[in-house]
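Some notes on the structure that comes next.
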Protein chains: 2
Amino acid sequence: MRMMIKPDLKEAVEQLKKAVSTKEFIALVCLCEADYVGRARSFLENGERLLIIKEDTSFLIHRPRGLEPVNWQPPPNYVGVTVKGDHIVLTVKRVRKPEKVVVRIHKVRSIFSGRLEDKGGFQMYLSEKEISEILRMHPELVEEGFRVTSAEAREKTGVVDIVGVDANNRRTIVEIKKDRAGLEAVRQLTRYAGGIGQGVRIVLLAPGVTEEAERMLRRNRMEFRRISMLDLTKILVRERSLEKSGIKKYL
Amino acid sequence: MRMMIKPDLKEAVEQLKKAVSTKEFIALVCLCEADYVGRARSFLENGERLLIIKEDTSFLIHRPRGLEPVNWQPPPNYVGVTVKGDHIVLTVKRVRKPEKVVVRIHKVRSIFSGRLEDKGGFQMYLSEKEISEILRMHPELVEEGFRVTSAEAREKTGVVDIVGVDANNRRTIVEIKKDRAGLEAVRQLTRYAGGIGQGVRIVLLAPGVTEEAERMLRRNRMEFRRISMLDLTKILVRERSLEKSGIKKYL
DNA sequence: GATTGTATCTCGCAA
DNA sequence: TTGCGAGGTACAATC
């Protein structure tokens, strides 16, 4: 692990080359310009940015504002470092596609490189899949008397989360959205419903629905039911072994 | 602009707080864990990562591998720094949405903060010459049945024109603008079209058009057609003879 | 490898 | 603010 503040060109190049060759994680604040050629073309004029080269050669250029990187290259990449006159030329070229970013680095403000130790697990909760799982275990949350007949989550025409029958033994398809359902969700559902016979109830389950989406639902004789993500989370927390997962401390 | 290597907790907190309060750009390599609660929930166990807080409060956590950040928050955010026992607690909470990331920082490997000077322009790029070339090769992109009889680039106005005939053998002049066409573009076009006889179609091709410009076009019986510079770029990249002037040279 | 669908998508634009 | 489409989308799953 090594770090330098305002190194001169020679020092910076040396560390950069070494770090690249040993595939260390690199975070470099510098004055630079960058060209991209590949699926499109772009040119980024001179300015101060943060460059990131990861251990798997993932590459990012971040400007001082905005969430998204201005330039990037998904791994794997060939990474080259050379010196041309008074600046460093960093070339990042994708292995499997004809794409590359060329960065001309004029001044290095700071450079960090090292191997980062990161074995920590990452877990997302309450994805649509997990919601579906909970509802399969607790069909009464969908509707009184509802029974699940098919645990199959996907069919060819689109995404279907739960198939079952309601209290009157009528076939019912339940689609789940974890966010407020918009037009796109309803469209997706409509596409699927096109291949379904008459007399089948179609229910959209979500924390909310936009006005237009609800209108579209009505036009297509489909139903909306509100569901509380908080309730589902409580069930998840109650029923899962949570010692190692860590979500417990939130609730 | 300030940077520290392996600072102790107190030093790190001090710099972090100051940098956050003055909205400096921050790049922090540290051992940390992170929780996200919002549209979904996630938990990231302990490990070494790069944290980025931008001048507009954009927030990113990058692991040592993978292009995408493992956690993030689009601006604007409230950013809070506190100390709890032996670790720093960084809270990044979105202003307009119920979402937050809480990071517990256990060890700081290095911290950079400062204001980055970045006024450099950024643009996707296609020269007029290239646009003209692509459309000559693919006249169907102008319109179904269109055939080119001549093409010429006027560099001063940033407009390319192509002369041809449409599917009905009617003479058609196509003007191309790289950027969204405003009133000025239409004025120039009108001036140019003034010397043209009646019965000739005039079509403006651009990525977009302002409302007023479109009205002016209609008044002058001219047409607008939307064209995607990105699509053209893709065609260029895909189909150009690579030996002479194409992408190959770059790659 | 090509296609398809999701995403804490983000972002810009328009109504 | 909400909806809608584009993106160098990236990425995983599927064919």
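Here's how to read the names in the structure tokens: chain A, B, ... by the order shown, residue numbers from 1 in each chain, ligand numbers from 1 in the order shown.
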Just asking: which residues within range 31-159 of chain B are strand (DSSP E or B) according to DSSP, as a PDB file with N, CA, C and O atoms, in the first residue's frame?
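Result file follows (out31.pdb):
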```
ATOM      1  N   LEU B  31     -11.317   0.742   5.787  1.00  0.00           N
ATOM      2  CA  LEU B  31     -11.979  -0.492   6.195  1.00  0.00           C
ATOM      3  C   LEU B  31     -13.337  -0.095   6.738  1.00  0.00           C
ATOM      4  O   LEU B  31     -13.426   0.717   7.664  1.00  0.00           O
ATOM      5  N   CYS B  32     -14.400  -0.651   6.157  1.00  0.00           N
ATOM      6  CA  CYS B  32     -15.721  -0.183   6.546  1.00  0.00           C
ATOM      7  C   CYS B  32     -16.792  -1.232   6.312  1.00  0.00           C
ATOM      8  O   CYS B  32     -16.560  -2.226   5.633  1.00  0.00           O
ATOM      9  N   GLU B  33     -17.960  -0.996   6.883  1.00  0.00           N
ATOM     10  CA  GLU B  33     -19.156  -1.756   6.538  1.00  0.00           C
ATOM     11  C   GLU B  33     -20.242  -0.747   6.224  1.00  0.00           C
ATOM     12  O   GLU B  33     -20.186   0.394   6.671  1.00  0.00           O
ATOM     13  N   ALA B  34     -21.249  -1.177   5.451  1.00  0.00           N
ATOM     14  CA  ALA B  34     -22.250  -0.213   4.996  1.00  0.00           C
ATOM     15  C   ALA B  34     -23.635  -0.823   4.919  1.00  0.00           C
ATOM     16  O   ALA B  34     -23.801  -1.961   4.479  1.00  0.00           O
ATOM     17  N   ASP B  35     -24.616  -0.059   5.353  1.00  0.00           N
ATOM     18  CA  ASP B  35     -26.014  -0.464   5.236  1.00  0.00           C
ATOM     19  C   ASP B  35     -26.732   0.500   4.308  1.00  0.00           C
ATOM     20  O   ASP B  35     -26.521   1.704   4.368  1.00  0.00           O
ATOM     21  N   TYR B  36     -27.597  -0.040   3.487  1.00  0.00           N
ATOM     22  CA  TYR B  36     -28.446   0.800   2.647  1.00  0.00           C
ATOM     23  C   TYR B  36     -29.907   0.490   2.955  1.00  0.00           C
ATOM     24  O   TYR B  36     -30.297  -0.671   3.038  1.00  0.00           O
ATOM     25  N   VAL B  37     -30.691   1.537   3.125  1.00  0.00           N
ATOM     26  CA  VAL B  37     -32.132   1.371   3.295  1.00  0.00           C
ATOM     27  C   VAL B  37     -32.829   2.370   2.399  1.00  0.00           C
ATOM     28  O   VAL B  37     -32.488   3.555   2.393  1.00  0.00           O
ATOM     29  N   ARG B  41     -33.071  -2.884   0.514  1.00  0.00           N
ATOM     30  CA  ARG B  41     -32.208  -2.865   1.672  1.00  0.00           C
ATOM     31  C   ARG B  41     -31.003  -3.696   1.360  1.00  0.00           C
ATOM     32  O   ARG B  41     -31.087  -4.733   0.730  1.00  0.00           O
ATOM     33  N   SER B  42     -29.856  -3.261   1.865  1.00  0.00           N
ATOM     34  CA  SER B  42     -28.669  -4.093   1.667  1.00  0.00           C
ATOM     35  C   SER B  42     -27.725  -3.935   2.836  1.00  0.00           C
ATOM     36  O   SER B  42     -27.765  -2.936   3.567  1.00  0.00           O
ATOM     37  N   PHE B  43     -26.902  -4.936   2.995  1.00  0.00           N
ATOM     38  CA  PHE B  43     -25.896  -4.901   4.036  1.00  0.00           C
ATOM     39  C   PHE B  43     -24.569  -5.359   3.466  1.00  0.00           C
ATOM     40  O   PHE B  43     -24.491  -6.395   2.833  1.00  0.00           O
ATOM     41  N   LEU B  44     -23.550  -4.543   3.685  1.00  0.00           N
ATOM     42  CA  LEU B  44     -22.216  -4.863   3.175  1.00  0.00           C
ATOM     43  C   LEU B  44     -21.297  -5.066   4.363  1.00  0.00           C
ATOM     44  O   LEU B  44     -21.090  -4.167   5.172  1.00  0.00           O
ATOM     45  N   GLU B  45     -20.740  -6.258   4.459  1.00  0.00           N
ATOM     46  CA  GLU B  45     -19.881  -6.582   5.590  1.00  0.00           C
ATOM     47  C   GLU B  45     -18.529  -5.882   5.491  1.00  0.00           C
ATOM     48  O   GLU B  45     -18.199  -5.281   4.465  1.00  0.00           O
ATOM     49  N   ASN B  46     -17.768  -6.029   6.530  1.00  0.00           N
ATOM     50  CA  ASN B  46     -16.492  -5.337   6.649  1.00  0.00           C
ATOM     51  C   ASN B  46     -15.519  -5.660   5.510  1.00  0.00           C
ATOM     52  O   ASN B  46     -15.422  -6.794   5.078  1.00  0.00           O
ATOM     53  N   GLY B  47     -14.809  -4.645   5.050  1.00  0.00           N
ATOM     54  CA  GLY B  47     -13.822  -4.826   3.996  1.00  0.00           C
ATOM     55  C   GLY B  47     -13.231  -3.478   3.606  1.00  0.00           C
ATOM     56  O   GLY B  47     -13.727  -2.426   4.014  1.00  0.00           O
ATOM     57  N   GLU B  48     -12.172  -3.531   2.805  1.00  0.00           N
ATOM     58  CA  GLU B  48     -11.504  -2.290   2.390  1.00  0.00           C
ATOM     59  C   GLU B  48     -12.084  -1.786   1.083  1.00  0.00           C
ATOM     60  O   GLU B  48     -12.141  -2.522   0.096  1.00  0.00           O
ATOM     61  N   ARG B  49     -12.480  -0.534   1.054  1.00  0.00           N
ATOM     62  CA  ARG B  49     -13.094   0.059  -0.138  1.00  0.00           C
ATOM     63  C   ARG B  49     -12.677   1.507  -0.320  1.00  0.00           C
ATOM     64  O   ARG B  49     -12.104   2.110   0.582  1.00  0.00           O
ATOM     65  N   LEU B  50     -13.036   2.005  -1.475  1.00  0.00           N
ATOM     66  CA  LEU B  50     -12.836   3.429  -1.759  1.00  0.00           C
ATOM     67  C   LEU B  50     -14.171   4.145  -1.644  1.00  0.00           C
ATOM     68  O   LEU B  50     -15.129   3.792  -2.328  1.00  0.00           O
ATOM     69  N   LEU B  51     -14.244   5.125  -0.766  1.00  0.00           N
ATOM     70  CA  LEU B  51     -15.451   5.950  -0.673  1.00  0.00           C
ATOM     71  C   LEU B  51     -15.209   7.256  -1.416  1.00  0.00           C
ATOM     72  O   LEU B  51     -14.130   7.837  -1.321  1.00  0.00           O
ATOM     73  N   ILE B  52     -16.215   7.715  -2.117  1.00  0.00           N
ATOM     74  CA  ILE B  52     -16.123   8.987  -2.833  1.00  0.00           C
ATOM     75  C   ILE B  52     -17.299   9.862  -2.424  1.00  0.00           C
ATOM     76  O   ILE B  52     -18.450   9.433  -2.489  1.00  0.00           O
ATOM     77  N   ILE B  53     -17.003  11.064  -1.978  1.00  0.00           N
ATOM     78  CA  ILE B  53     -18.049  12.068  -1.769  1.00  0.00           C
ATOM     79  C   ILE B  53     -17.696  13.233  -2.668  1.00  0.00           C
ATOM     80  O   ILE B  53     -16.633  13.832  -2.533  1.00  0.00           O
ATOM     81  N   PHE B  59     -22.482  10.287  -3.861  1.00  0.00           N
ATOM     82  CA  PHE B  59     -21.758   9.374  -2.979  1.00  0.00           C
ATOM     83  C   PHE B  59     -21.602   7.993  -3.613  1.00  0.00           C
ATOM     84  O   PHE B  59     -22.547   7.463  -4.202  1.00  0.00           O
ATOM     85  N   LEU B  60     -20.409   7.423  -3.493  1.00  0.00           N
ATOM     86  CA  LEU B  60     -20.126   6.110  -4.086  1.00  0.00           C
ATOM     87  C   LEU B  60     -19.235   5.283  -3.181  1.00  0.00           C
ATOM     88  O   LEU B  60     -18.317   5.803  -2.549  1.00  0.00           O
ATOM     89  N   ILE B  61     -19.522   3.989  -3.107  1.00  0.00           N
ATOM     90  CA  ILE B  61     -18.603   3.050  -2.474  1.00  0.00           C
ATOM     91  C   ILE B  61     -18.151   2.051  -3.530  1.00  0.00           C
ATOM     92  O   ILE B  61     -18.972   1.347  -4.116  1.00  0.00           O
ATOM     93  N   HIS B  62     -16.843   2.004  -3.755  1.00  0.00           N
ATOM     94  CA  HIS B  62     -16.293   1.075  -4.741  1.00  0.00           C
ATOM     95  C   HIS B  62     -15.473  -0.016  -4.068  1.00  0.00           C
ATOM     96  O   HIS B  62     -14.583   0.271  -3.273  1.00  0.00           O
ATOM     97  N   ASN B  71     -22.445   0.425  -3.371  1.00  0.00           N
ATOM     98  CA  ASN B  71     -23.464   1.315  -2.802  1.00  0.00           C
ATOM     99  C   ASN B  71     -23.260   2.697  -3.382  1.00  0.00           C
ATOM    100  O   ASN B  71     -22.146   3.075  -3.734  1.00  0.00           O
ATOM    101  N   TRP B  72     -24.341   3.464  -3.411  1.00  0.00           N
ATOM    102  CA  TRP B  72     -24.242   4.808  -3.970  1.00  0.00           C
ATOM    103  C   TRP B  72     -25.462   5.618  -3.565  1.00  0.00           C
ATOM    104  O   TRP B  72     -26.456   5.056  -3.115  1.00  0.00           O
ATOM    105  N   GLN B  73     -25.402   6.911  -3.747  1.00  0.00           N
ATOM    106  CA  GLN B  73     -26.536   7.800  -3.549  1.00  0.00           C
ATOM    107  C   GLN B  73     -26.417   8.964  -4.516  1.00  0.00           C
ATOM    108  O   GLN B  73     -25.436   9.714  -4.477  1.00  0.00           O
ATOM    109  N   ASN B  77     -27.679  15.083  -1.399  1.00  0.00           N
ATOM    110  CA  ASN B  77     -27.746  14.340  -0.154  1.00  0.00           C
ATOM    111  C   ASN B  77     -27.398  15.226   1.039  1.00  0.00           C
ATOM    112  O   ASN B  77     -26.695  16.225   0.901  1.00  0.00           O
ATOM    113  N   TYR B  78     -27.910  14.810   2.190  1.00  0.00           N
ATOM    114  CA  TYR B  78     -27.369  15.317   3.446  1.00  0.00           C
ATOM    115  C   TYR B  78     -26.232  14.386   3.826  1.00  0.00           C
ATOM    116  O   TYR B  78     -26.400  13.173   3.821  1.00  0.00           O
ATOM    117  N   VAL B  79     -25.088  14.952   4.175  1.00  0.00           N
ATOM    118  CA  VAL B  79     -23.951  14.123   4.577  1.00  0.00           C
ATOM    119  C   VAL B  79     -23.604  14.436   6.021  1.00  0.00           C
ATOM    120  O   VAL B  79     -23.378  15.592   6.378  1.00  0.00           O
ATOM    121  N   GLY B  80     -23.573  13.397   6.849  1.00  0.00           N
ATOM    122  CA  GLY B  80     -23.260  13.595   8.258  1.00  0.00           C
ATOM    123  C   GLY B  80     -22.074  12.758   8.689  1.00  0.00           C
ATOM    124  O   GLY B  80     -21.928  11.618   8.260  1.00  0.00           O
ATOM    125  N   VAL B  81     -21.223  13.337   9.521  1.00  0.00           N
ATOM    126  CA  VAL B  81     -20.058  12.617  10.047  1.00  0.00           C
ATOM    127  C   VAL B  81     -20.096  12.664  11.568  1.00  0.00           C
ATOM    128  O   VAL B  81     -20.145  13.736  12.151  1.00  0.00           O
ATOM    129  N   THR B  82     -20.111  11.500  12.208  1.00  0.00           N
ATOM    130  CA  THR B  82     -20.070  11.464  13.676  1.00  0.00           C
ATOM    131  C   THR B  82     -19.109  10.369  14.113  1.00  0.00           C
ATOM    132  O   THR B  82     -18.672   9.559  13.304  1.00  0.00           O
ATOM    133  N   VAL B  83     -18.790  10.383  15.393  1.00  0.00           N
ATOM    134  CA  VAL B  83     -17.922   9.337  15.936  1.00  0.00           C
ATOM    135  C   VAL B  83     -18.717   8.534  16.956  1.00  0.00           C
ATOM    136  O   VAL B  83     -19.462   9.098  17.754  1.00  0.00           O
ATOM    137  N   LYS B  84     -18.601   7.218  16.865  1.00  0.00           N
ATOM    138  CA  LYS B  84     -19.301   6.357  17.812  1.00  0.00           C
ATOM    139  C   LYS B  84     -18.300   5.327  18.310  1.00  0.00           C
ATOM    140  O   LYS B  84     -17.983   4.370  17.603  1.00  0.00           O
ATOM    141  N   HIS B  87     -15.227   3.966  15.985  1.00  0.00           N
ATOM    142  CA  HIS B  87     -15.368   4.091  14.530  1.00  0.00           C
ATOM    143  C   HIS B  87     -16.120   5.352  14.138  1.00  0.00           C
ATOM    144  O   HIS B  87     -16.835   5.956  14.940  1.00  0.00           O
ATOM    145  N   ILE B  88     -15.923   5.728  12.872  1.00  0.00           N
ATOM    146  CA  ILE B  88     -16.593   6.900  12.319  1.00  0.00           C
ATOM    147  C   ILE B  88     -17.898   6.442  11.673  1.00  0.00           C
ATOM    148  O   ILE B  88     -17.924   5.412  11.009  1.00  0.00           O
ATOM    149  N   VAL B  89     -18.948   7.199  11.872  1.00  0.00           N
ATOM    150  CA  VAL B  89     -20.212   6.885  11.209  1.00  0.00           C
ATOM    151  C   VAL B  89     -20.490   7.959  10.169  1.00  0.00           C
ATOM    152  O   VAL B  89     -20.627   9.134  10.495  1.00  0.00           O
ATOM    153  N   LEU B  90     -20.554   7.522   8.916  1.00  0.00           N
ATOM    154  CA  LEU B  90     -20.846   8.442   7.817  1.00  0.00           C
ATOM    155  C   LEU B  90     -22.266   8.154   7.344  1.00  0.00           C
ATOM    156  O   LEU B  90     -22.584   7.026   6.967  1.00  0.00           O
ATOM    157  N   THR B  91     -23.103   9.173   7.373  1.00  0.00           N
ATOM    158  CA  THR B  91     -24.494   8.998   6.964  1.00  0.00           C
ATOM    159  C   THR B  91     -24.753   9.830   5.721  1.00  0.00           C
ATOM    160  O   THR B  91     -24.543  11.038   5.721  1.00  0.00           O
ATOM    161  N   VAL B  92     -25.213   9.183   4.670  1.00  0.00           N
ATOM    162  CA  VAL B  92     -25.529   9.886   3.429  1.00  0.00           C
ATOM    163  C   VAL B  92     -26.991   9.631   3.113  1.00  0.00           C
ATOM    164  O   VAL B  92     -27.391   8.506   2.815  1.00  0.00           O
ATOM    165  N   LYS B  93     -27.764  10.694   3.183  1.00  0.00           N
ATOM    166  CA  LYS B  93     -29.213  10.574   3.102  1.00  0.00           C
ATOM    167  C   LYS B  93     -29.720  11.458   1.972  1.00  0.00           C
ATOM    168  O   LYS B  93     -29.415  12.651   1.920  1.00  0.00           O
ATOM    169  N   ARG B  94     -30.505  10.886   1.089  1.00  0.00           N
ATOM    170  CA  ARG B  94     -30.993  11.667  -0.047  1.00  0.00           C
ATOM    171  C   ARG B  94     -31.995  12.715   0.413  1.00  0.00           C
ATOM    172  O   ARG B  94     -32.793  12.483   1.323  1.00  0.00           O
ATOM    173  N   LYS B 100     -31.136   6.062   2.430  1.00  0.00           N
ATOM    174  CA  LYS B 100     -29.869   6.456   3.020  1.00  0.00           C
ATOM    175  C   LYS B 100     -28.875   5.309   3.070  1.00  0.00           C
ATOM    176  O   LYS B 100     -29.240   4.134   3.079  1.00  0.00           O
ATOM    177  N   VAL B 101     -27.629   5.694   3.078  1.00  0.00           N
ATOM    178  CA  VAL B 101     -26.533   4.749   3.277  1.00  0.00           C
ATOM    179  C   VAL B 101     -25.818   5.163   4.554  1.00  0.00           C
ATOM    180  O   VAL B 101     -25.503   6.333   4.747  1.00  0.00           O
ATOM    181  N   VAL B 102     -25.594   4.192   5.435  1.00  0.00           N
ATOM    182  CA  VAL B 102     -24.842   4.450   6.660  1.00  0.00           C
ATOM    183  C   VAL B 102     -23.567   3.618   6.605  1.00  0.00           C
ATOM    184  O   VAL B 102     -23.624   2.405   6.402  1.00  0.00           O
ATOM    185  N   VAL B 103     -22.432   4.289   6.738  1.00  0.00           N
ATOM    186  CA  VAL B 103     -21.147   3.592   6.666  1.00  0.00           C
ATOM    187  C   VAL B 103     -20.447   3.671   8.015  1.00  0.00           C
ATOM    188  O   VAL B 103     -20.345   4.748   8.597  1.00  0.00           O
ATOM    189  N   ARG B 104     -20.013   2.538   8.498  1.00  0.00           N
ATOM    190  CA  ARG B 104     -19.193   2.535   9.710  1.00  0.00           C
ATOM    191  C   ARG B 104     -17.746   2.322   9.282  1.00  0.00           C
ATOM    192  O   ARG B 104     -17.400   1.285   8.710  1.00  0.00           O
ATOM    193  N   ILE B 105     -16.934   3.330   9.543  1.00  0.00           N
ATOM    194  CA  ILE B 105     -15.532   3.313   9.096  1.00  0.00           C
ATOM    195  C   ILE B 105     -14.654   2.927  10.282  1.00  0.00           C
ATOM    196  O   ILE B 105     -14.595   3.634  11.284  1.00  0.00           O
ATOM    197  N   HIS B 106     -13.946   1.815  10.134  1.00  0.00           N
ATOM    198  CA  HIS B 106     -13.162   1.304  11.267  1.00  0.00           C
ATOM    199  C   HIS B 106     -11.689   1.701  11.189  1.00  0.00           C
ATOM    200  O   HIS B 106     -11.039   1.891  12.208  1.00  0.00           O
ATOM    201  N   LYS B 107     -11.174   1.781   9.962  1.00  0.00           N
ATOM    202  CA  LYS B 107      -9.776   2.201   9.802  1.00  0.00           C
ATOM    203  C   LYS B 107      -9.643   2.970   8.509  1.00  0.00           C
ATOM    204  O   LYS B 107     -10.155   2.557   7.479  1.00  0.00           O
ATOM    205  N   VAL B 108      -8.935   4.096   8.582  1.00  0.00           N
ATOM    206  CA  VAL B 108      -8.725   4.893   7.380  1.00  0.00           C
ATOM    207  C   VAL B 108      -7.328   4.624   6.843  1.00  0.00           C
ATOM    208  O   VAL B 108      -6.340   4.807   7.552  1.00  0.00           O
ATOM    209  N   ARG B 109      -7.263   4.144   5.612  1.00  0.00           N
ATOM    210  CA  ARG B 109      -5.955   3.888   4.989  1.00  0.00           C
ATOM    211  C   ARG B 109      -5.369   5.174   4.411  1.00  0.00           C
ATOM    212  O   ARG B 109      -4.176   5.409   4.480  1.00  0.00           O
ATOM    213  N   SER B 110      -6.226   5.940   3.783  1.00  0.00           N
ATOM    214  CA  SER B 110      -5.759   7.216   3.229  1.00  0.00           C
ATOM    215  C   SER B 110      -6.966   8.081   2.945  1.00  0.00           C
ATOM    216  O   SER B 110      -8.061   7.584   2.712  1.00  0.00           O
ATOM    217  N   ILE B 111      -6.752   9.364   3.006  1.00  0.00           N
ATOM    218  CA  ILE B 111      -7.856  10.283   2.717  1.00  0.00           C
ATOM    219  C   ILE B 111      -7.334  11.456   1.911  1.00  0.00           C
ATOM    220  O   ILE B 111      -6.309  12.046   2.229  1.00  0.00           O
ATOM    221  N   PHE B 112      -8.052  11.736   0.819  1.00  0.00           N
ATOM    222  CA  PHE B 112      -7.749  12.908   0.008  1.00  0.00           C
ATOM    223  C   PHE B 112      -8.975  13.800   0.034  1.00  0.00           C
ATOM    224  O   PHE B 112     -10.104  13.329  -0.069  1.00  0.00           O
ATOM    225  N   SER B 113      -8.749  15.105   0.174  1.00  0.00           N
ATOM    226  CA  SER B 113      -9.868  16.027   0.006  1.00  0.00           C
ATOM    227  C   SER B 113      -9.372  17.316  -0.613  1.00  0.00           C
ATOM    228  O   SER B 113      -8.223  17.710  -0.417  1.00  0.00           O
ATOM    229  N   GLY B 114     -10.233  17.950  -1.367  1.00  0.00           N
ATOM    230  CA  GLY B 114      -9.848  19.200  -2.007  1.00  0.00           C
ATOM    231  C   GLY B 114     -10.868  19.599  -3.046  1.00  0.00           C
ATOM    232  O   GLY B 114     -11.790  18.847  -3.351  1.00  0.00           O
ATOM    233  N   PHE B 122     -17.164  18.323 -22.357  1.00  0.00           N
ATOM    234  CA  PHE B 122     -17.255  16.921 -22.733  1.00  0.00           C
ATOM    235  C   PHE B 122     -18.262  16.802 -23.845  1.00  0.00           C
ATOM    236  O   PHE B 122     -19.356  17.348 -23.773  1.00  0.00           O
ATOM    237  N   GLN B 123     -17.908  16.101 -24.902  1.00  0.00           N
ATOM    238  CA  GLN B 123     -18.908  15.881 -25.936  1.00  0.00           C
ATOM    239  C   GLN B 123     -18.676  14.617 -26.727  1.00  0.00           C
ATOM    240  O   GLN B 123     -17.573  14.194 -26.968  1.00  0.00           O
ATOM    241  N   MET B 124     -19.786  14.022 -27.066  1.00  0.00           N
ATOM    242  CA  MET B 124     -19.776  12.941 -28.035  1.00  0.00           C
ATOM    243  C   MET B 124     -19.481  13.592 -29.373  1.00  0.00           C
ATOM    244  O   MET B 124     -19.975  14.679 -29.651  1.00  0.00           O
ATOM    245  N   ARG B 147     -32.731   8.930 -52.317  1.00  0.00           N
ATOM    246  CA  ARG B 147     -31.477   8.673 -53.031  1.00  0.00           C
ATOM    247  C   ARG B 147     -30.657   9.957 -53.084  1.00  0.00           C
ATOM    248  O   ARG B 147     -31.206  11.035 -53.314  1.00  0.00           O
ATOM    249  N   VAL B 148     -29.362   9.811 -52.901  1.00  0.00           N
ATOM    250  CA  VAL B 148     -28.468  10.964 -52.874  1.00  0.00           C
ATOM    251  C   VAL B 148     -28.002  11.281 -54.287  1.00  0.00           C
ATOM    252  O   VAL B 148     -27.630  10.386 -55.045  1.00  0.00           O
ATOM    253  N   THR B 149     -28.044  12.575 -54.648  1.00  0.00           N
ATOM    254  CA  THR B 149     -27.466  12.963 -55.931  1.00  0.00           C
ATOM    255  C   THR B 149     -26.195  13.778 -55.733  1.00  0.00           C
ATOM    256  O   THR B 149     -25.300  13.727 -56.553  1.00  0.00           O
ATOM    257  N   SER B 150     -26.113  14.497 -54.592  1.00  0.00           N
ATOM    258  CA  SER B 150     -24.855  15.175 -54.276  1.00  0.00           C
ATOM    259  C   SER B 150     -24.832  15.561 -52.805  1.00  0.00           C
ATOM    260  O   SER B 150     -25.864  15.724 -52.177  1.00  0.00           O
ATOM    261  N   ALA B 151     -23.633  15.707 -52.299  1.00  0.00           N
ATOM    262  CA  ALA B 151     -23.505  16.060 -50.884  1.00  0.00           C
ATOM    263  C   ALA B 151     -22.390  17.071 -50.710  1.00  0.00           C
ATOM    264  O   ALA B 151     -21.385  17.024 -51.403  1.00  0.00           O
ATOM    265  N   GLU B 152     -22.593  17.968 -49.776  1.00  0.00           N
ATOM    266  CA  GLU B 152     -21.600  19.021 -49.565  1.00  0.00           C
ATOM    267  C   GLU B 152     -21.650  19.471 -48.110  1.00  0.00           C
ATOM    268  O   GLU B 152     -22.708  19.560 -47.510  1.00  0.00           O
ATOM    269  N   ALA B 153     -20.495  19.755 -47.573  1.00  0.00           N
ATOM    270  CA  ALA B 153     -20.437  20.237 -46.194  1.00  0.00           C
ATOM    271  C   ALA B 153     -20.084  21.715 -46.156  1.00  0.00           C
ATOM    272  O   ALA B 153     -19.144  22.148 -46.792  1.00  0.00           O
ATOM    273  N   ARG B 154     -20.887  22.490 -45.447  1.00  0.00           N
ATOM    274  CA  ARG B 154     -20.578  23.910 -45.247  1.00  0.00           C
ATOM    275  C   ARG B 154     -20.037  24.057 -43.837  1.00  0.00           C
ATOM    276  O   ARG B 154     -20.771  23.991 -42.863  1.00  0.00           O
ATOM    277  N   VAL B 159     -23.400  23.002 -40.719  1.00  0.00           N
ATOM    278  CA  VAL B 159     -24.517  22.309 -41.342  1.00  0.00           C
ATOM    279  C   VAL B 159     -24.011  21.533 -42.557  1.00  0.00           C
ATOM    280  O   VAL B 159     -23.191  22.021 -43.312  1.00  0.00           O
TER     281      VAL B 159
END
```
- Enumerate as a VMD selection string the residues belonging to chain B that approach chain C to within 7 Å, with only C-alpha atoms (C1' of nucleotides) taken into account. chain B and resid 38 to 40
In-order C-alpha superposition of chain B on chain A by least squares yields an RMSD of 11.3 Å
Shell of 8 Å around Asp166 in chain B, only C-alpha atoms (C1' of nucleotides), local chain residues under 5 positions omitted, as a PDB file with N, CA and C atoms, in the first residue's frame:
```pdb
ATOM      1  N   GLU B 143     -34.594   8.856 -45.074  1.00  0.00           N
ATOM      2  CA  GLU B 143     -35.998   8.602 -45.368  1.00  0.00           C
ATOM      3  C   GLU B 143     -36.088   7.382 -46.278  1.00  0.00           C
ATOM      4  N   GLU B 144     -37.143   6.628 -46.141  1.00  0.00           N
ATOM      5  CA  GLU B 144     -37.335   5.459 -46.994  1.00  0.00           C
ATOM      6  C   GLU B 144     -37.436   5.911 -48.452  1.00  0.00           C
ATOM      7  N   GLY B 145     -36.627   5.301 -49.298  1.00  0.00           N
ATOM      8  CA  GLY B 145     -36.704   5.618 -50.715  1.00  0.00           C
ATOM      9  C   GLY B 145     -35.853   6.799 -51.141  1.00  0.00           C
ATOM     10  N   PHE B 146     -35.180   7.411 -50.213  1.00  0.00           N
ATOM     11  CA  PHE B 146     -34.345   8.572 -50.537  1.00  0.00           C
ATOM     12  C   PHE B 146     -33.088   8.138 -51.281  1.00  0.00           C
ATOM     13  N   ARG B 147     -32.731   8.930 -52.317  1.00  0.00           N
ATOM     14  CA  ARG B 147     -31.477   8.673 -53.031  1.00  0.00           C
ATOM     15  C   ARG B 147     -30.657   9.957 -53.084  1.00  0.00           C
ATOM     16  N   ARG B 171     -37.431  16.501 -55.786  1.00  0.00           N
ATOM     17  CA  ARG B 171     -36.130  16.989 -55.361  1.00  0.00           C
ATOM     18  C   ARG B 171     -36.174  17.342 -53.870  1.00  0.00           C
ATOM     19  N   THR B 172     -35.172  16.903 -53.146  1.00  0.00           N
ATOM     20  CA  THR B 172     -35.183  17.077 -51.699  1.00  0.00           C
ATOM     21  C   THR B 172     -33.809  17.520 -51.208  1.00  0.00           C
TER      22      THR B 172
END
```
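Proximity to Leu232 in chain A at 12 Å, evaluated using only C-alpha atoms (C1' of nucleotides) and with sequence-adjacent residues fewer than 5 positions away removed, yields Tyr125, Leu126, Ser127, Glu128, Glu130, Ile131, Ser132, Glu133, Ile134, Leu135, Arg136, Met137, His138, Pro139, Leu141, Val142, Lys178, Ala206, Pro207, Ile227, Val237, Arg238, Glu239 and Arg240 of chain A.
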